[in-house]
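S.K.: Sharing a structure, written as structure tokens. Questions coming.
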Amino acid sequence: MLASIVLLPFVGFLANGIWYLTAQVKGGKSISARNSGVLATASIAGSFVLSLALFIRLIGLAEEERVFETVLFPWIQVGALDISFALRMDALNALFALVITGVGTLIHVFSIGYMDHDESPAKFFAYLNLFCSFMLVLVLGASLPVLFLGWEGVGLCSYLLISFWYTDPEKASAGKKAFVVNRVGDFGFLIGMFLIFTTFGTLDFAALKAAFATVAVAPGIVTAMGLLLFVGCMGKSAQLPLFVWLPDAMAGPTPVSALIHAATMVTSGVYLLARMSFLYAATPDALSVIAGVGAATALFAASIALVQNDIKKVLAYSTVSQLGLMFLACGVGAYATGVFHVITHAFFKALLFLSAGSVIHGMHEEQDIQKMGGLRSKMPQTFFVFGAGWLAICGIPPFSGFFSKDEILWQAFSSSHGGTLVWAIGSLTALLTAFYMSRLFILTFLGKGRTDKAAHAHESPWVMLIPLQILAVLSITGGFMGVPHASWLEHWLHPVLAHAPELRAGVHHETEWFLMGFSVVVAAAGIAGAFFLYRDKRAADNLAARFRSIHTVLLQKWYVDEFYEAAIVKPVARFSSFLWKTFDVKGIDRVVLGFGSFAGQSGTLARTLQTGSTQLYTFLILVGFASIVGYTLYGIFR
Amino acid sequence: MAFSGNLLSWLVFAPFIWGLAGLLIPARNPSWTKYWALGGTIVAFLLSVVVYLQFDATSAAFQLQESVSWIPSLGVSYKLGLDGISLWLVMLTTFLCPLVILGAFEAVEKKHKGFFFLLLALESAMLGTFLATDAFLFYVFWEALLIPMYFLVGIWGGKDRIFAAMKFFIYTMAGSLLMLVAIFYLAYQFNVQSGMGISTSLFDLYTVKVPGDGYLSAQSLLFLAFALAFMIKVPLFPLHTWLPDAHVQAPTAGSVILAGVLLKMGGYGLIRFALPLFPDAVRLYQWPALVLGTIAISYGALIALVQTDIKKLVAYSSVSHMGYVVLGIFSLNAAGMSGAIYQMLAHGISTSGLFLVVGMIYERRHTREISAFGGLAKVMPLFAVAFLIIVLSSAALPGTNGFVGEFLILLGLWQTAPVLAVFSALGVILGAFYLLWMFQRVMYGKVNGEENAQLKDLSTREILVLVPLIVAIFWMGMAPGFWFSKMQPSVDALVSKYQASAVAELRKVSP
Amino acid sequence: MALEVLFFYLFASLAIAFSLITVLRKNPAVCAFSLIMVFFSFAGIYALLGAHLISALQIIVYAGAIMVLFVFVIMLLNADAPSFDLTSSHWGLRVATFVICGGLFLAFVWAFKNSALSPVTGPFTGDQVKALGGNTRVLSSLLFTKYLYPFELTSALILAGIVGTIALAKRSPAAKKVKH
Amino acid sequence: METLPLNLIDPATLQLSSAQLQALLPYLIFFGGICLALILSVVPAAKPTVTTPVICALSMVASAASLLISASPEPLFGGMLLTDTFAHFGNALFLACGVCAILLSYRYLEKQKLNYPEYYLLLSFSVLGMMLMASTLNLMVLFIALELMSLSVYVLVAFRRNDRRSNEAGVKYFILGSAASAILLYGAALVYGATLSVDLLEVSKRTLQSSAVNSPLLVLGMLCLLVGFLFKVASVPFHTWMPDVYDGAPTPITALMTTGLKAAVFITLIRVVSTWVGTPVAGVFHAVLWFSAAATFFVGNVVALKQTNVKRMLAYSSIAHTGYLLIGILAGPTHPEAFAAVLFYVTVYAIMNLGAFAVLTVLAGYGDTGLELADLSGLSERHPWLSFALACFLFSMTGLPPTAGFTAKYFLFYSAIQSGEIWLVVLAVLCSAIGAYYYLRVVVHLYMRDPVGQFATFKVSRGAIVTLGLTLALVFQLGLVPGNALRWMGGLISTDKPAQVGAR
Amino acid sequence: MPNAIEPWVVLSFCSAIFFIGLTGVLIRRNILVIIMSLELMLNAVNLTMVTFSTSLNDMGGQVNVFFIIVVAAVESAVGLGLVIALFRTLRTVDTDQIQVLRG
């Protein structure tokens, strides 16, 4: 049953893929989005049902027995290395599986409408199914290599889906960028795996957890392991400094952004941290780094999101920022909180993206919010659901985002790994988030249509709206699984995660109420600021003009891409050219050929004796004779 | 079975004899020749399957041995045998050859008979190299295969084919000649030490003990002589410069054989000869070899990055990938060694695939310049899928064959030299970069030009060529145990010479 | 005895002088003449050494046959030879030749002076030879017994020489000259 | 010879037993055949241009056949003629080369308008010279035989009398060859003075008995002999004649020189050097041989790189092979198996060169034109079998398996390693990699280049086909299953009597 | 017998003639004179043989000289034949004129 969860979407992938290929062989007649979409949706929905069933069975079990395990087949067995292709479901990844399959199903449904006019929807759905399959392998994998298989597999699907519309070179490029940047992270992941294997002799999570308890390892090594794995997370979850691929990844179809680059794949870093929490619990140094990186990313991305004009870019930076918050949570030791935010974020960010997709769909592929406005009347359904998502991310109670974000801020403030600084940064991020999301909301839906397109926008079909509505409901209510002090989620995850850290000295539980209130105020302030500024767009433009330098820097995303281009890509290319044209061809190869030309030149030289002159020939005989006689006589009789 | 006693001989010589018979086919029927040659390789493949079925995976010993006294006065006997290591390389060879021939059906424009005969002869020589258990016999096959390869490159190759053929031939031959001298020396030493007469039998040579303390001791010099030959073949940086020329100029079939099988001989030679024969020298030169392997990985990848010719890019990618093989071998532990062998197989499959794929578009467009292509995914969707899968396997995506080898090699290397493992792992990043970039430039973007828009998608024949490769890619990626199980005893026996203790330690730690 | 020594030195100096003339003089006819003189001197030395048959052969074969051949060829070619007094080529080569040959000569002299001849000696002392009927008789007996085989070989050699010379000298039926 | 018989003519010395006559049979048959041909050649009615080659070839074949029954371990004529199996192997080889040369020559001479009976007579005489030279250790006999061979070849080289190249080659060869012969003869005289014998077996015995090696006389004598031989095998710096002579000679004669003549000199050299085994002489010449071997294969190989004429290139390649062979000669005294290796190598070398020159003979136009590399371009299109054969011979000369050239090199270098000449062998193999270049360049022209202009039309003569077939078969036979040949040749070199080769 | 003359003196004399002959072969361009120089060399060898023969009481040396004379005669005949053939085609006996074969 566990295997079926993974296999069902894979079967869907195969079915759609083969369908697509046979259609190509027969002459490229395309398959309709409805047919392929229904097939794909059915497979992922089946997977969801199975996950749900297993989840319910898990609930029924005693706390310590909440594990399902299945070994599909032995994978790599060499010497001491024994990696089985095993899946294991416990309390932690059951939740992830539910989110993936659940949100995935909704997004599949949405895509049926969204991809209706596309050339090759079957291919799209095949990729989407494949992604789900890999994502499930990632979370359900029982060992690091299996996780890594899924990890790279989702990267591949991300690559394929980002460059889905590959005829646009930029989109094709974005896909490659995503894959390569992810590879940088994977590099750390791999090394981390090696370190773990050589230290503990196993890569299976359960065995690792057991071994970690028994084998004494130097703290430095543990920190190294933690940080190396975290490098992998940086890549996959788009943290500083490897976040650059995610905004570009918006080149893919919007459902892809919703599923992969908001709800599921990018949060796998958080999953990994939670999965390895037993290890991280032993290394406060690594945790500090994680918290620092998370906080920095959150603030940094939020700052960029402030001024972006592409609806998906804003959401993308918002995702990066929210991921930063999740890592902040993990970094202060509150893994459950991080997971909580993963779930709520999956709901509301998927919602936001899909609504954005609905908007784009309605606006005929227009993504610039400066060209929108007044869509409330044109797309009322979308307006409502987007509004729900907006309030959720801003952290207005009782929407889901409020609970999780507030929990993060509280943990950041109160945890013994946290502190006022991270809390302050988190709060600032919350403020900015509320501001830019409101800006987005206002510019898109309120006011008047600023272009013809906006004036002629149309509402999306039902097949797209129904998933939105379901997600809206989830965004509104999802937070209740983690109500402070009565958190079902925390209780549920308690056995599988490392325990939350102690309270910081001098922090009291009463403070939590105060902070909760404060965060509501912050969110409200952000929203209010946005309304104040963007009621009249000219005021905003004036402000931008006044702080033009800052505005430009933010608009240009702090020039990070440019920096990488100049500091890494270009030098590498130049160095490679040097290696090839100068070092390889003119250096090594010339040495090799030099042996040949040495022989040739010796030949030319020796040939000069061959003048055809009999005298010279005789003279050479004489010289030979004399030297042989001289040498030998001297040698013997000296 | 009729040939149960000398199954391996049948396997080795069947393609050659078949090819000879094929020469009798009248030249006016090129298609008969093609199908005849295809039949020959399939027969060889079936024979190798029989070999596989008869192979006992529980034993590290050489099996299906044949031994006939050949040149008694030189201590040379005709000895064949295979163990778990050679088994898969043999299978790789027999597996690739039918695909190569099928792939070359349309590519050959002149002298069909010669072309297919040479391919079959080449197959025989390659099989012989992998199966010989006598140093002399090994050397005979090793050198003999240069001849067909030389003609394949020189007659059916690209513009600079003659230069490339010459360079390939002389470079590799010069390298192996010193090995010949070393073989002499060992055979002679065997007589001196054992008094049982000279012998070039591998098993006898294994017993020879040569003083090996110091970087210039007799054993080290012998090792260097062997290693030079093998590392040129691998090819290891900085001995690789024959490879871009030969690969690029060779016809597709030649490139595939070169990359798919010939390069593996270097690695195989190291495993079969250098390691068991010269344990002290190998330990001494372990570090230089590891450092060079590490350099090779990044070096090949970086140069591949800036290539404008697809074939050249693939050629340099081979330099990079084969660097892993050297690393794995010189890690001197079970993980590294198994990984190295696996990487050889994987590289054989995926790089062959790359060359075949490049050959397919070359046949259509008669150019290999990346800039001449663009947007092919639109006009050739099937091709795009196949190409992508092969590219990904070359980029070592988990789930494909490339990953298993690289993972094990890096794991093995990590246990030997963590710092180098870190640097080698950089190849993981660069590999994805240059391969996907190439893929992007060729396949993605707008359809570039009228010629590209007219391209036809894969034909049935081409699909038949690629499908087995793709199946192998995933099979090897997902079920490596199938492969490892056969070679494990041999690898363990080999590694135990070096790290009897280390393996045990690892076993102890694992729960 | 002293007389013999005197004659030896006389013949020796004559031989050296004439051989130098042979080698150094430009006119081949002069060279040929000097060569004859060298041969005669040699014949004298042979006689002094008691090798009477050799001495006779030296005059008959060398001076009589071979030199006639030379002179004949000189005459033959001289008819339309443009220039016949060809001297040696490059002077550096010449000097080097003199030096090296001189050095070798000195090395040989040193060797002769410093080495003993074969410790084994043969039975043909002067008295024995006389007792057996003199140098000529002994020599010819040996030629037809012990040395029969090489003696017969020389016949093959001479035959080959004759055939070769005929082949070279014969005018070709198709007397077409091909300039290359 | 303690007591002198008063009657010097001892009847016993003139009588030959039937066994001895049998031993003489090959020589007698051959010589008789030559004489018959000689007589018929002056009878116009007998069609000398046809009968002479036929009789010469037949007598060679008959002589070769009689070799089978004539081997005798007992030396004849007081040791002047050795008719052991070693000698007979050499004889067979020379006769085979001679027959092939005649087979190749007939059509060639017709094409060159040179079809004279003298040619075949001289060719036969030279083969006779080779046979006699290889079956003696007596320096005087050796010298006469050498001259018999050389003088015939001088004339043969210059046989295209209207061609200045041929004349030039003949004269050069004559001058240099005679000078070298004189030096060799001087050496014989000095050896005679030092040991009172010109029989090298006797010399080596006496050398062992006394401390004669310390006598500068003997050393000088041996050195002069060595120089003479080094000249004949064309070792650097005595090699300069070889390219010019090979180039200028009629192609079948070049074939004979590079095969039979070279083999004869080396087989003789084996005999000569094998008398050094166990004596201090070998040590004296070690360094000299070492350097001349190294210089020879180096110079031969590198200069061959620069040649554009195939014949001339093969001449330099011949020099290179001389270098390799000298390694064996050098190794022989310490490891007599090396002599067997030299013997095998020289045989293989003769076979493959005979084949290669057979192709060249077929290709050669009037005046030996058409042998430039460029003339061979695309030959495989027109004459696939001819190209295939030439390619096989070239691969064999390169030393690639599975050809005989490889086995021969292997055996030779292997023996050298056993006698401790590791570094020389290393140099040699490296140089043989250079060699690959120029051999393969010919193959490039044969197979990989398009024809330049029109081919001269020619037919492959039946003689050439026979020669090619035989040599090709042997190249592969000795490459694939050399076991018996090697064992047999090893047997020719008897290691139990180190002072003499072939005393069985 | 010339006991008064030391063998080494005679031998040295022979060697002088031999090297004079060799010098002649080297420095002369006239092929006829070269052949004459060759004869000089052979004569020197002959005398060496005879010297050894008489000082060591062995007739073998003199027999050898007999053969050498024969060889020398044949050699000159063939040599002169070659000269004539050369002269016929090239109208020269100058070795510097025969340098077509080179390189």
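Chain labels A, B, ... are given in the sequence in which chains occur in the structure tokens; within each chain residues are numbered consecutively from 1, and ligands are likewise numbered from 1 in the order shown.
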For chain E versus chain C, which residues have an atom no more than 6 Å away, and what is each residue's nearest atom pair and distance in Å rounded to one decimal, using only C-alpha atoms, chain-then-number order, as JSON lines?
M.R.:
{"residue": "E:Trp8", "atom": "CA", "partner": "C:Phe112", "partner_atom": "CA", "distance": 5.2}
{"residue": "E:Ser12", "atom": "CA", "partner": "C:Val109", "partner_atom": "CA", "distance": 5.3}
{"residue": "E:Phe19", "atom": "CA", "partner": "C:Cys101", "partner_atom": "CA", "distance": 5.9}
{"residue": "E:Gly24", "atom": "CA", "partner": "C:Val23", "partner_atom": "CA", "distance": 4.8}
{"residue": "E:Ile27", "atom": "CA", "partner": "C:Ser88", "partner_atom": "CA", "distance": 4.6}
{"residue": "E:Arg28", "atom": "CA", "partner": "C:Ser88", "partner_atom": "CA", "distance": 4.4}
{"residue": "E:Arg29", "atom": "CA", "partner": "C:Ser88", "partner_atom": "CA", "distance": 5.6}
{"residue": "E:Asn30", "atom": "CA", "partner": "C:Leu86", "partner_atom": "CA", "distance": 5.7}
{"residue": "E:Leu56", "atom": "CA", "partner": "C:Thr121", "partner_atom": "CA", "distance": 5.0}
{"residue": "E:Asn57", "atom": "CA", "partner": "C:Phe124", "partner_atom": "CA", "distance": 4.6}
{"residue": "E:Asp58", "atom": "CA", "partner": "C:Gly122", "partner_atom": "CA", "distance": 4.5}
{"residue": "E:Val74", "atom": "CA", "partner": "C:Gly161", "partner_atom": "CA", "distance": 5.6}
{"residue": "E:Val78", "atom": "CA", "partner": "C:Thr165", "partner_atom": "CA", "distance": 5.5}
{"residue": "E:Gly81", "atom": "CA", "partner": "C:Thr165", "partner_atom": "CA", "distance": 5.4}
S.K.: Export all heavy atoms of the chosen residues as a compact mmCIF listing (two decimals), in the first residue's frame?
M.R.:
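Once everything was written out, this is result30.txt:
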# COMPACT_ATOMS: atom_id res chain seq x y z
N TRP E 8 106.96 -6.51 -36.11
CA TRP E 8 106.10 -5.33 -35.93
C TRP E 8 106.45 -4.21 -36.89
O TRP E 8 105.60 -3.42 -37.28
CB TRP E 8 106.11 -4.85 -34.48
CG TRP E 8 107.35 -4.14 -34.01
CD1 TRP E 8 108.42 -4.67 -33.39
CD2 TRP E 8 107.61 -2.74 -34.14
NE1 TRP E 8 109.35 -3.73 -33.12
CE2 TRP E 8 108.87 -2.51 -33.57
CE3 TRP E 8 106.90 -1.65 -34.68
CZ2 TRP E 8 109.46 -1.25 -33.52
CZ3 TRP E 8 107.49 -0.40 -34.62
CH2 TRP E 8 108.76 -0.20 -34.05
N SER E 12 103.81 -2.71 -39.30
CA SER E 12 103.55 -1.29 -39.30
C SER E 12 103.63 -0.73 -40.71
O SER E 12 102.82 0.11 -41.12
CB SER E 12 104.54 -0.56 -38.42
OG SER E 12 104.48 -1.07 -37.13
N PHE E 19 96.53 2.25 -44.65
CA PHE E 19 95.84 3.52 -44.38
C PHE E 19 96.07 4.53 -45.48
O PHE E 19 95.21 5.39 -45.72
CB PHE E 19 96.25 4.06 -43.01
CG PHE E 19 95.58 3.31 -41.90
CD1 PHE E 19 96.28 2.47 -41.07
CD2 PHE E 19 94.21 3.40 -41.75
CE1 PHE E 19 95.64 1.74 -40.09
CE2 PHE E 19 93.57 2.68 -40.76
CZ PHE E 19 94.28 1.85 -39.93
N GLY E 24 93.30 7.16 -49.78
CA GLY E 24 93.03 7.31 -51.21
C GLY E 24 91.56 7.11 -51.53
O GLY E 24 90.97 7.89 -52.28
N ILE E 27 89.79 10.38 -50.27
CA ILE E 27 89.96 11.73 -50.78
C ILE E 27 89.88 11.83 -52.29
O ILE E 27 89.79 12.92 -52.83
CB ILE E 27 91.28 12.34 -50.30
CG1 ILE E 27 92.46 11.55 -50.85
CG2 ILE E 27 91.34 12.41 -48.78
CD1 ILE E 27 93.77 12.22 -50.55
N ARG E 28 89.93 10.71 -52.98
CA ARG E 28 89.91 10.82 -54.43
C ARG E 28 88.48 10.79 -54.94
O ARG E 28 87.62 10.13 -54.38
CB ARG E 28 90.68 9.64 -55.05
CG ARG E 28 92.14 9.64 -54.71
CD ARG E 28 92.81 10.93 -55.06
NE ARG E 28 92.78 11.19 -56.49
CZ ARG E 28 93.86 11.17 -57.27
NH1 ARG E 28 95.05 10.94 -56.77
NH2 ARG E 28 93.75 11.41 -58.55
N ARG E 29 88.31 11.52 -56.05
CA ARG E 29 87.00 11.48 -56.67
C ARG E 29 87.01 10.64 -57.92
O ARG E 29 85.96 10.27 -58.42
CB ARG E 29 86.54 12.91 -57.00
CG ARG E 29 86.36 13.75 -55.76
CD ARG E 29 85.74 15.05 -56.09
NE ARG E 29 86.35 15.62 -57.30
CZ ARG E 29 86.16 16.87 -57.71
NH1 ARG E 29 85.40 17.67 -57.03
NH2 ARG E 29 86.73 17.30 -58.81
N ASN E 30 88.18 10.40 -58.43
CA ASN E 30 88.26 9.57 -59.63
C ASN E 30 88.09 8.10 -59.24
O ASN E 30 88.88 7.53 -58.49
CB ASN E 30 89.62 9.78 -60.29
CG ASN E 30 89.70 9.09 -61.63
OD1 ASN E 30 89.07 8.04 -61.82
ND2 ASN E 30 90.45 9.65 -62.54
N LEU E 56 105.54 -17.10 -38.06
CA LEU E 56 104.97 -18.13 -37.21
C LEU E 56 105.10 -19.52 -37.83
O LEU E 56 104.49 -20.46 -37.34
CB LEU E 56 103.49 -17.82 -36.95
CG LEU E 56 103.24 -16.54 -36.15
CD1 LEU E 56 101.76 -16.22 -36.12
CD2 LEU E 56 103.78 -16.68 -34.74
N ASN E 57 105.86 -19.59 -38.92
CA ASN E 57 106.09 -20.89 -39.55
C ASN E 57 104.82 -21.61 -39.94
O ASN E 57 104.61 -22.78 -39.66
CB ASN E 57 106.90 -21.81 -38.60
CG ASN E 57 108.20 -21.18 -38.22
OD1 ASN E 57 108.78 -20.43 -39.03
ND2 ASN E 57 108.65 -21.43 -37.02
N ASP E 58 103.93 -20.88 -40.55
CA ASP E 58 102.69 -21.51 -40.96
C ASP E 58 102.43 -21.14 -42.40
O ASP E 58 102.51 -19.97 -42.77
CB ASP E 58 101.54 -21.04 -40.08
CG ASP E 58 100.25 -21.72 -40.44
OD1 ASP E 58 100.14 -22.92 -40.17
OD2 ASP E 58 99.37 -21.04 -41.01
N VAL E 74 89.40 -10.35 -59.41
CA VAL E 74 87.99 -10.34 -59.82
C VAL E 74 87.35 -9.01 -59.44
O VAL E 74 86.59 -8.42 -60.20
CB VAL E 74 87.25 -11.52 -59.16
CG1 VAL E 74 85.78 -11.47 -59.53
CG2 VAL E 74 87.86 -12.82 -59.59
N VAL E 78 85.47 -6.49 -61.96
CA VAL E 78 84.09 -6.04 -61.81
C VAL E 78 84.03 -4.54 -61.61
O VAL E 78 83.21 -3.83 -62.19
CB VAL E 78 83.41 -6.78 -60.64
CG1 VAL E 78 82.08 -6.16 -60.32
CG2 VAL E 78 83.25 -8.24 -60.99
N GLY E 81 84.53 -2.83 -64.73
CA GLY E 81 83.32 -2.97 -65.53
C GLY E 81 82.26 -1.96 -65.12
O GLY E 81 81.63 -1.32 -65.96
S.K.: May I have the residues of chain D within 7 Å of chain B, counting only C-alpha atoms, written as a list in words?
M.R.: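 The complete set of qualifying residues is Leu400, Pro401, Pro402, Tyr414, Ile417, Gln418, Val426, Val429, Leu430, Ala433, Ala436, Tyr437, Tyr447, Met448, Val481, Pro482, Gly483, Leu486 and Arg487 of chain D.
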S.K.: For segment 46-49 of chain E, work out the shell of residues within 7 Å, counting only C-alpha atoms and skipping chain neighbours fewer than 2 positions away, then give it as a list in words.
M.R.: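 Answer for this query is Ala189 of chain D; Leu11, Cys14, Leu42, Asn43, Ala44, Thr51, Phe52, Ser53, Gly61, Gln62 and Val65 of chain E.
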S.K.: Using only N, CA, C and O atoms, please write the residues we just selected to a file, as a CSV table (one decimal), in the first residue's frame.
M.R.:
chain,number,residue,atom,x,y,z
D,189,ALA,N,93.4,-11.0,-41.2
D,189,ALA,CA,94.8,-11.1,-41.2
D,189,ALA,C,95.4,-10.9,-39.8
D,189,ALA,O,96.2,-11.7,-39.3
E,11,LEU,N,104.8,-5.2,-40.0
E,11,LEU,CA,103.3,-5.0,-39.9
E,11,LEU,C,103.0,-3.5,-39.9
E,11,LEU,O,102.0,-3.1,-40.5
E,14,CYS,N,102.9,-2.4,-43.4
E,14,CYS,CA,101.7,-2.8,-44.0
E,14,CYS,C,100.5,-1.9,-43.6
E,14,CYS,O,99.8,-1.4,-44.5
E,42,LEU,N,94.4,-4.0,-50.2
E,42,LEU,CA,94.4,-5.5,-50.3
E,42,LEU,C,95.9,-6.0,-50.2
E,42,LEU,O,96.2,-7.0,-49.6
E,43,ASN,N,96.8,-5.2,-50.9
E,43,ASN,CA,98.2,-5.6,-50.9
E,43,ASN,C,98.7,-5.5,-49.5
E,43,ASN,O,99.5,-6.4,-49.1
E,44,ALA,N,98.3,-4.5,-48.7
E,44,ALA,CA,98.8,-4.4,-47.4
E,44,ALA,C,98.4,-5.6,-46.6
E,44,ALA,O,99.1,-6.2,-45.8
E,51,THR,N,103.7,-11.9,-43.6
E,51,THR,CA,104.6,-11.7,-42.5
E,51,THR,C,104.3,-12.6,-41.4
E,51,THR,O,105.1,-13.3,-40.8
E,52,PHE,N,103.0,-12.7,-41.0
E,52,PHE,CA,102.6,-13.7,-40.0
E,52,PHE,C,103.0,-15.1,-40.4
E,52,PHE,O,103.5,-15.8,-39.6
E,53,SER,N,102.7,-15.4,-41.6
E,53,SER,CA,103.0,-16.7,-42.1
E,53,SER,C,104.4,-17.1,-41.9
E,53,SER,O,104.8,-18.2,-41.3
E,61,GLY,N,98.9,-18.7,-44.1
E,61,GLY,CA,98.9,-17.3,-44.5
E,61,GLY,C,99.1,-17.1,-45.9
E,61,GLY,O,98.4,-16.4,-46.6
E,62,GLN,N,100.1,-17.8,-46.4
E,62,GLN,CA,100.5,-17.7,-47.8
E,62,GLN,C,99.4,-18.2,-48.7
E,62,GLN,O,99.1,-17.7,-49.8
E,65,VAL,N,96.9,-15.6,-49.0
E,65,VAL,CA,97.3,-14.6,-49.9
E,65,VAL,C,96.9,-14.9,-51.3
E,65,VAL,O,96.4,-14.1,-52.1
S.K.: Could the residues of chain E within 7 Å of chain D, counting only C-alpha atoms, be given as a compact mmCIF listing (two decimals) with C-alpha atoms, in the first residue's frame, please?
M.R.:
# COMPACT_ATOMS: atom_id res chain seq x y z
CA LEU E 38 91.51 -0.45 -52.82
CA MET E 41 94.68 -1.91 -49.14
CA LEU E 42 94.42 -5.50 -50.26
CA VAL E 45 96.63 -7.22 -46.08
CA THR E 48 100.45 -8.78 -43.30
CA MET E 49 99.40 -12.34 -43.95
CA PHE E 52 102.60 -13.65 -39.98
CA ASN E 64 95.28 -17.13 -47.97
CA GLY E 79 84.96 -2.59 -60.52
CA LEU E 82 81.15 -0.81 -63.34
CA ALA E 85 79.11 1.15 -67.48
CA LEU E 86 78.94 4.34 -65.51
CA THR E 89 75.68 6.54 -69.23
CA LEU E 90 77.13 9.52 -67.46
CA ILE E 98 77.01 10.72 -58.88
CA VAL E 100 71.43 11.77 -57.52
CA LEU E 101 70.64 9.26 -54.84
CA ARG E 102 70.53 11.18 -51.60
S.K.: So that I can check the surroundings of Gly32 of chain D, please list as a list of chain:residue names every protein, DNA and RNA residue that reaches within 12 Å of it, counting only C-alpha atoms and ignoring chain neighbours fewer than 2 positions away.
M.R.: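 Neighbouring residues, sequence-local ones excluded: C:Ala156, D:Leu24, D:Leu25, D:Pro26, D:Tyr27, D:Leu28, D:Ile29, D:Phe30, D:Ile34, D:Cys35, D:Leu36, D:Ala37, D:Leu38, D:Ile39, D:Ile55, D:Cys56, D:Leu58, D:Ser59, D:Met60, D:Ala62, D:Ser63, D:Leu121, D:Ser124, D:Phe125, D:Leu128.
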S.K.: Which residue gives the smallest distance to chain D among A:Phe625, A:Ala486, A:Gly630, A:Ala505, with only C-alpha atoms counted?
M.R.: A:Phe625
S.K.: Just give me the gap between atom CA of Thr145 of chain C and atom CA of Met133 of chain D in Å, one decimal is fine.
M.R.: 20.8 Å
S.K.: With a distance cut-off of 12 Å and only C-alpha atoms, select the neighbouring residues of Tyr268 of chain B, excluding the residue or stretch itself and same-chain residues fewer than 6 positions from it, and output the selection as an MDAnalysis selection string.
M.R.: chainID B and resid 83:90 126 129:132 138 142 226:227 229:231 233:234 261:262 274:276 322 325:326 329 337:338 340:345
S.K.: Give me every strand (DSSP E) residue in segment 34-217 of chain B, going by DSSP on the backbone, as a list in words.
M.R.: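 After running DSSP on the backbone, segment 34-217 of chain B has strand (DSSP E) at Gln63, Leu64, Gln65, Glu66, Ser67, Val68, Ser69, Trp70, Ile71, Val76, Ser77, Tyr78, Lys79, Leu80, Gly81 and Leu82 of chain B.
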S.K.: Could you turn the residues from that selection into a file that holds C-alpha atoms, as a JSON list (two decimals), in the first residue's frame?
M.R.:
[["chain", "number", "residue", "atom", "x", "y", "z"],
["B", 63, "GLN", "CA", 35.76, -19.57, -14.81],
["B", 64, "LEU", "CA", 35.17, -21.33, -18.08],
["B", 65, "GLN", "CA", 38.90, -21.45, -18.36],
["B", 66, "GLU", "CA", 40.61, -22.66, -21.46],
["B", 67, "SER", "CA", 44.25, -23.31, -21.69],
["B", 68, "VAL", "CA", 46.21, -24.53, -24.66],
["B", 69, "SER", "CA", 49.93, -24.41, -24.93],
["B", 70, "TRP", "CA", 50.68, -21.98, -27.68],
["B", 71, "ILE", "CA", 54.30, -20.92, -27.93],
["B", 76, "VAL", "CA", 53.02, -18.43, -23.86],
["B", 77, "SER", "CA", 49.80, -20.27, -23.70],
["B", 78, "TYR", "CA", 46.41, -19.52, -25.08],
["B", 79, "LYS", "CA", 44.46, -18.96, -21.93],
["B", 80, "LEU", "CA", 40.99, -17.59, -21.63],
["B", 81, "GLY", "CA", 38.86, -17.23, -18.59],
["B", 82, "LEU", "CA", 36.52, -14.80, -17.01]]
